[in-house]
2 protein chains.
Amino acid sequence: MKPVKLVVVGSIGLDTIETAHAKKEEILGGSVSYACAAASFFSHTGMVGVVGTDFPASCLEAYRQFGIDLKGLQTAQGKTFRWSGVYEKDMNNRRTLATELNVFGEFKPELPADYAKAPFLFLANISPELQLHVLSQAKSVRFVAADTMDLWINIARKPLMDVIKAVDLLTLNESEARLISDEYNLLKAARKILGWGPKYLIIKKGEHGAMLFSKAGIFVVPAYPLEMFHDPTGAGDSFAGGFMGALSEKGEIDDSAIRRAMGYGSVVASFGVEEFSLDRLCRLSRHDIQNRYEDFLKLTHLG
Amino acid sequence: MKPVKLVVVGSIGLDTIETAHAKKEEILGGSVSYACAAASFFSHTGMVGVVGTDFPASCLEAYRQFGIDLKGLQTAQGKTFRWSGVYEKDMNNRRTLATELNVFGEFKPELPADYAKAPFLFLANISPELQLHVLSQAKSVRFVAADTMDLWINIARKPLMDVIKAVDLLTLNESEARLISDEYNLLKAARKILGWGPKYLIIKKGEHGAMLFSKAGIFVVPAYPLEMFHDPTGAGDSFAGGFMGALSEKGEIDDSAIRRAMGYGSVVASFGVEEFSLDRLCRLSRHDIQNRYEDFLKLTHLG
């Protein structure tokens, strides 16, 4: 059996999403779903998450189609996490209508023995206490990335700071970077956050791309311009999953590998938002990704 | 005497600007001021505009310091154009408080004989009727760019369409591109606008960079990330001026020259917004621009 190179822990949910153009009910979502699906094109990826007994078999089958290792997936008595939200016309702002934690409220992530030996770990958005609990089990990890959200910045700052100190890479969106640093300017925000410990910080800007900050400087990628854009849900998780997948694929961690991973993360995320849920990623091949990546190189090549 | 390679026509104003951090009264502004200053680092540039008899000698001296050719600058009886506005904290939205057209209301731009022979022309933001009047005088022009604004899209659509049909390059910001095309998606907007005639379309996205559209495809540049950012006024004009300056410098018009010009436009605009009015550009050298351009290449180099 292929060893798991990358472990991702996060949420699994059934999402009800409304955009200006469509409404979809109880579709597969959650940070770990998007991140594992995106990473699976590059690396053998293990999923750590929890679902309820009502979780549709078709969703499990979708995970398997991606080749995701599911030993870390727990099934608990009760209902799967639900989230519903509505997007404004510009797709940049969304409003949460309802959150039902269900089995996710009692989630205690545990790493199967072989996951604990995996060299790459992505702590997708869950409470910082759970992120720390997972981190303490990852005995042989070489590179850890973590994501978070405004909620934890507001109510769990202390454990979140422990996560930030311990990881190699932190990913935040623009407003989270401003909130956590209390700096409006993103360069000032980044300098402060890097001062807390992580070697790398990625600030995600949605349709405007992403910025990577490290002691070596700044690297900026635009988003791949899209004509078809139906659902931004999970874009940040697909980006981070694609990034971690691409980074773990070769296993080297240097400036050039990090840039390449930023490119692949952007490209996979750009496919993801073309349709709802994992619908587009389900029909995607590594060849499609490579073609768009080559196009992305041309699109951004200044000279 | 060096021949004028690039002619820029547009507005000259004394601006009163309020941001979250500062208020500046009656400082030198206007599209042609920013665009000519930016272009002057690359090409001998001629200015076509109008000022009143109250126009400060110090502002004329500033133009001369940039080496701008002022034969096309008219002085009319009366007061110089005034504009005042206030920026929101995020610097992306601004509100006009007052506009006094003054001598600009009677402006009739005329090209001096040698300007009419210049190979490059930038029609910065003035009424489309005046842009057409200038275009009719440019007998030997090889490459014409035009900018516009929401006002002309709303009240002068017909002459504006004549401008768009006649130029090689149109520059618009995001909201103008959506307004004129009635398409929210920028790729759809761009395809429609290119269908009207221009070979190139640049959609300016402020702090998020700029996108170039042509039959050959899309090229995207981010904005140079800035820690010091005091006044976005004129950023689009500095970008376009830097672009046209860099393009006219060597005179070749191909994909590689256009990309290079996009980079130089971004870099000059990034300096411009560091301070109010032309203050930063006044202290800028071609060497400073080159250094930041090299940095910009690294910053955007995906692989």
# chains A, B, ... in the order shown; residues from 1 in each chain; ligands from 1
>>> closest_atom_pairs(of="chain A", to="chain B", cutoff="9 Å", atoms="only C-alpha atoms", output="CSV")
residue,atom,partner,partner_atom,distance
A:Asp90,CA,B:Tyr184,CA,8.5
A:Tyr184,CA,B:Asp90,CA,8.5
A:Asn185,CA,B:Glu227,CA,6.5
A:Leu186,CA,B:Glu227,CA,7.6
A:Leu187,CA,B:Glu227,CA,5.7
A:Lys188,CA,B:Glu227,CA,6.8
A:His208,CA,B:His208,CA,6.0
A:Gly209,CA,B:His208,CA,8.5
A:Gly217,CA,B:Leu299,CA,8.1
A:Ile218,CA,B:Leu299,CA,6.0
A:Phe219,CA,B:Leu299,CA,4.6
A:Val220,CA,B:Thr300,CA,5.6
A:Val221,CA,B:Thr300,CA,6.6
A:Pro222,CA,B:Pro222,CA,6.3
A:Ala223,CA,B:Val220,CA,9.0
A:Tyr224,CA,B:Val220,CA,8.9
A:Pro225,CA,B:Leu187,CA,7.4
A:Leu226,CA,B:Leu187,CA,7.0
A:Glu227,CA,B:Leu187,CA,5.7
A:Met228,CA,B:Asn185,CA,8.5
A:Phe229,CA,B:Asn185,CA,8.8
A:Ser256,CA,B:Gly303,CA,7.2
A:Arg259,CA,B:Leu302,CA,5.7
A:Arg260,CA,B:Leu302,CA,6.4
A:Met262,CA,B:Leu302,CA,8.2
A:Gly263,CA,B:Leu302,CA,6.8
A:Phe296,CA,B:Leu302,CA,8.8
A:Leu297,CA,B:Leu302,CA,6.6
A:Lys298,CA,B:Phe219,CA,7.6
A:Leu299,CA,B:Phe219,CA,4.6
A:Thr300,CA,B:Val220,CA,5.6
A:His301,CA,B:His301,CA,6.8
A:Leu302,CA,B:Arg259,CA,5.8
A:Gly303,CA,B:Arg260,CA,6.5
>>> select_by_dssp(residues="range 212-264 of chain A", states="strand (DSSP E)", output="list in words")
Leu212, Phe213, Ser214, Gly217, Ile218, Phe219, Val220 and Val221 of chain A
>>> residues_around(residues="Ala35 in chain A", least_positions_apart="5", cutoff="9 Å", atoms="only C-alpha atoms", output="list in words")
Val8, Gly10, Gly30, Ser40, Phe122, Ala124, Gly234, Gly236, Asp237, Ser238, Phe239, Ala240, Gly241, Gly242, Met244 and Gly245 of chain A
>>> write_last_selection(atoms="C-alpha atoms", output="compact mmCIF listing (two decimals), in the first residue's frame")
# COMPACT_ATOMS: atom_id res chain seq x y z
CA VAL A 8 -5.42 16.82 6.20
CA GLY A 10 -10.74 19.63 9.07
CA GLY A 30 -16.24 21.15 4.47
CA SER A 40 -5.20 14.00 -4.22
CA PHE A 122 -2.43 20.47 6.78
CA ALA A 124 -7.52 23.01 7.87
CA GLY A 234 -14.05 25.90 -0.49
CA GLY A 236 -9.32 28.65 -0.01
CA ASP A 237 -9.32 24.99 1.04
CA SER A 238 -8.81 23.79 -2.53
CA PHE A 239 -5.98 26.30 -2.90
CA ALA A 240 -4.31 25.13 0.33
CA GLY A 241 -4.94 21.46 -0.49
CA GLY A 242 -3.51 21.88 -3.99
CA MET A 244 0.20 21.09 0.08
CA GLY A 245 -0.37 18.32 -2.43
>>> residues_around(residues="Asn154 in chain B", least_positions_apart="2", cutoff="12 Å", atoms="only C-alpha atoms", output="list in words")
Ser127, Pro128, Thr148, Met149, Asp150, Leu151, Trp152, Ala156, Arg157, Lys158, Pro159, Leu160, Met161, Glu176, Leu179, Ile180 and Ser181 of chain B
>>> write_last_selection(atoms="C-alpha atoms", output="mmCIF file, in the first residue's frame")
data_model
loop_
_atom_site.group_PDB
_atom_site.id
_atom_site.type_symbol
_atom_site.label_atom_id
_atom_site.label_comp_id
_atom_site.auth_asym_id
_atom_site.auth_seq_id
_atom_site.Cartn_x
_atom_site.Cartn_y
_atom_site.Cartn_z
ATOM 1 C CA SER B 127 -14.929 64.048 -23.086
ATOM 2 C CA PRO B 128 -15.019 61.647 -26.038
ATOM 3 C CA THR B 148 -12.544 57.258 -20.083
ATOM 4 C CA MET B 149 -14.850 57.363 -17.062
ATOM 5 C CA ASP B 150 -18.354 56.367 -15.947
ATOM 6 C CA LEU B 151 -19.687 59.890 -16.694
ATOM 7 C CA TRP B 152 -18.985 59.574 -20.456
ATOM 8 C CA ALA B 156 -21.874 60.386 -24.156
ATOM 9 C CA ARG B 157 -22.061 56.771 -25.231
ATOM 10 C CA LYS B 158 -22.209 57.469 -28.974
ATOM 11 C CA PRO B 159 -19.037 59.565 -29.354
ATOM 12 C CA LEU B 160 -17.340 57.274 -26.834
ATOM 13 C CA MET B 161 -18.116 54.289 -29.067
ATOM 14 C CA GLU B 176 -16.380 50.925 -16.004
ATOM 15 C CA LEU B 179 -20.938 49.355 -16.963
ATOM 16 C CA ILE B 180 -20.030 49.778 -20.614
ATOM 17 C CA SER B 181 -20.406 46.088 -21.510
#
>>> select_by_dssp(residues="range 71-244 of chain B", states="alpha helix (DSSP H)", output="PyMOL selection string")
chain B and resi 128-135+150-155+157-166+174-181+186-195+235-244
>>> closest_residue(among="B:Gln77, B:Thr45, B:Ser214, B:Gln137", to="Leu194 in chain B", atoms="only C-alpha atoms")
B:Ser214
>>> atom_distance(atom1="CA of Ser277 in chain B", atom2="CA of Ile27 in chain B")
6.2 Å
>>> closest_residue(among="A:Val103, A:Leu28, A:Leu169, A:Val144", to="Asp15 in chain A", atoms="only C-alpha atoms")
A:Leu28
>>> residues_around(residues="Lys23 in chain A", least_positions_apart="4", cutoff="12 Å", atoms="only C-alpha atoms", output="list in words")
Asp15, Thr16, Ile17, Glu18, Thr19, Ile27, Ser84, Gly85, Val86, Tyr87, His230, Asp231, Phe276 and Ser277 of chain A
>>> write_last_selection(atoms="C-alpha atoms", output="CSV table (one decimal), in the first residue's frame")
chain,number,residue,atom,x,y,z
A,15,ASP,CA,-23.8,22.7,2.6
A,16,THR,CA,-26.8,24.5,1.5
A,17,ILE,CA,-25.6,27.4,-0.7
A,18,GLU,CA,-27.4,30.2,-2.5
A,19,THR,CA,-25.8,32.4,-5.1
A,27,ILE,CA,-24.1,19.2,-1.1
A,84,SER,CA,-26.0,27.1,4.9
A,85,GLY,CA,-25.1,30.5,3.5
A,86,VAL,CA,-25.9,33.0,0.8
A,87,TYR,CA,-23.5,34.9,-1.5
A,230,HIS,CA,-20.4,29.4,-9.9
A,231,ASP,CA,-19.5,28.8,-6.2
A,276,PHE,CA,-20.7,23.6,-6.9
A,277,SER,CA,-19.2,21.2,-4.3
>>> atom_distance(atom1="CA of Tyr200 in chain B", atom2="CA of Leu170 in chain B")
6.5 Å
>>> decode(residues="range 166-191 of chain B", atoms="C-alpha atoms", output="PDB file, in the first residue's frame")
ATOM      1  CA  ALA B 166     -10.725  54.123 -33.502  1.00  0.00           C
ATOM      2  CA  VAL B 167      -8.123  53.338 -30.828  1.00  0.00           C
ATOM      3  CA  ASP B 168      -5.619  50.512 -30.454  1.00  0.00           C
ATOM      4  CA  LEU B 169      -5.947  50.268 -26.685  1.00  0.00           C
ATOM      5  CA  LEU B 170      -8.738  51.128 -24.289  1.00  0.00           C
ATOM      6  CA  THR B 171      -8.141  51.342 -20.540  1.00  0.00           C
ATOM      7  CA  LEU B 172     -11.028  50.985 -18.078  1.00  0.00           C
ATOM      8  CA  ASN B 173     -11.345  50.171 -14.436  1.00  0.00           C
ATOM      9  CA  GLU B 174     -13.370  47.162 -13.346  1.00  0.00           C
ATOM     10  CA  SER B 175     -16.631  48.986 -12.726  1.00  0.00           C
ATOM     11  CA  GLU B 176     -16.380  50.925 -16.004  1.00  0.00           C
ATOM     12  CA  ALA B 177     -15.772  47.675 -17.916  1.00  0.00           C
ATOM     13  CA  ARG B 178     -18.903  46.211 -16.343  1.00  0.00           C
ATOM     14  CA  LEU B 179     -20.938  49.355 -16.963  1.00  0.00           C
ATOM     15  CA  ILE B 180     -20.030  49.778 -20.614  1.00  0.00           C
ATOM     16  CA  SER B 181     -20.406  46.088 -21.510  1.00  0.00           C
ATOM     17  CA  ASP B 182     -23.361  45.278 -19.272  1.00  0.00           C
ATOM     18  CA  GLU B 183     -21.484  42.093 -18.321  1.00  0.00           C
ATOM     19  CA  TYR B 184     -20.461  41.366 -14.733  1.00  0.00           C
ATOM     20  CA  ASN B 185     -17.849  38.751 -15.603  1.00  0.00           C
ATOM     21  CA  LEU B 186     -14.682  40.525 -16.765  1.00  0.00           C
ATOM     22  CA  LEU B 187     -13.815  37.926 -19.415  1.00  0.00           C
ATOM     23  CA  LYS B 188     -17.241  38.320 -20.997  1.00  0.00           C
ATOM     24  CA  ALA B 189     -16.960  42.098 -20.664  1.00  0.00           C
ATOM     25  CA  ALA B 190     -13.557  42.062 -22.325  1.00  0.00           C
ATOM     26  CA  ARG B 191     -14.673  39.882 -25.212  1.00  0.00           C
TER      27      ARG B 191
END
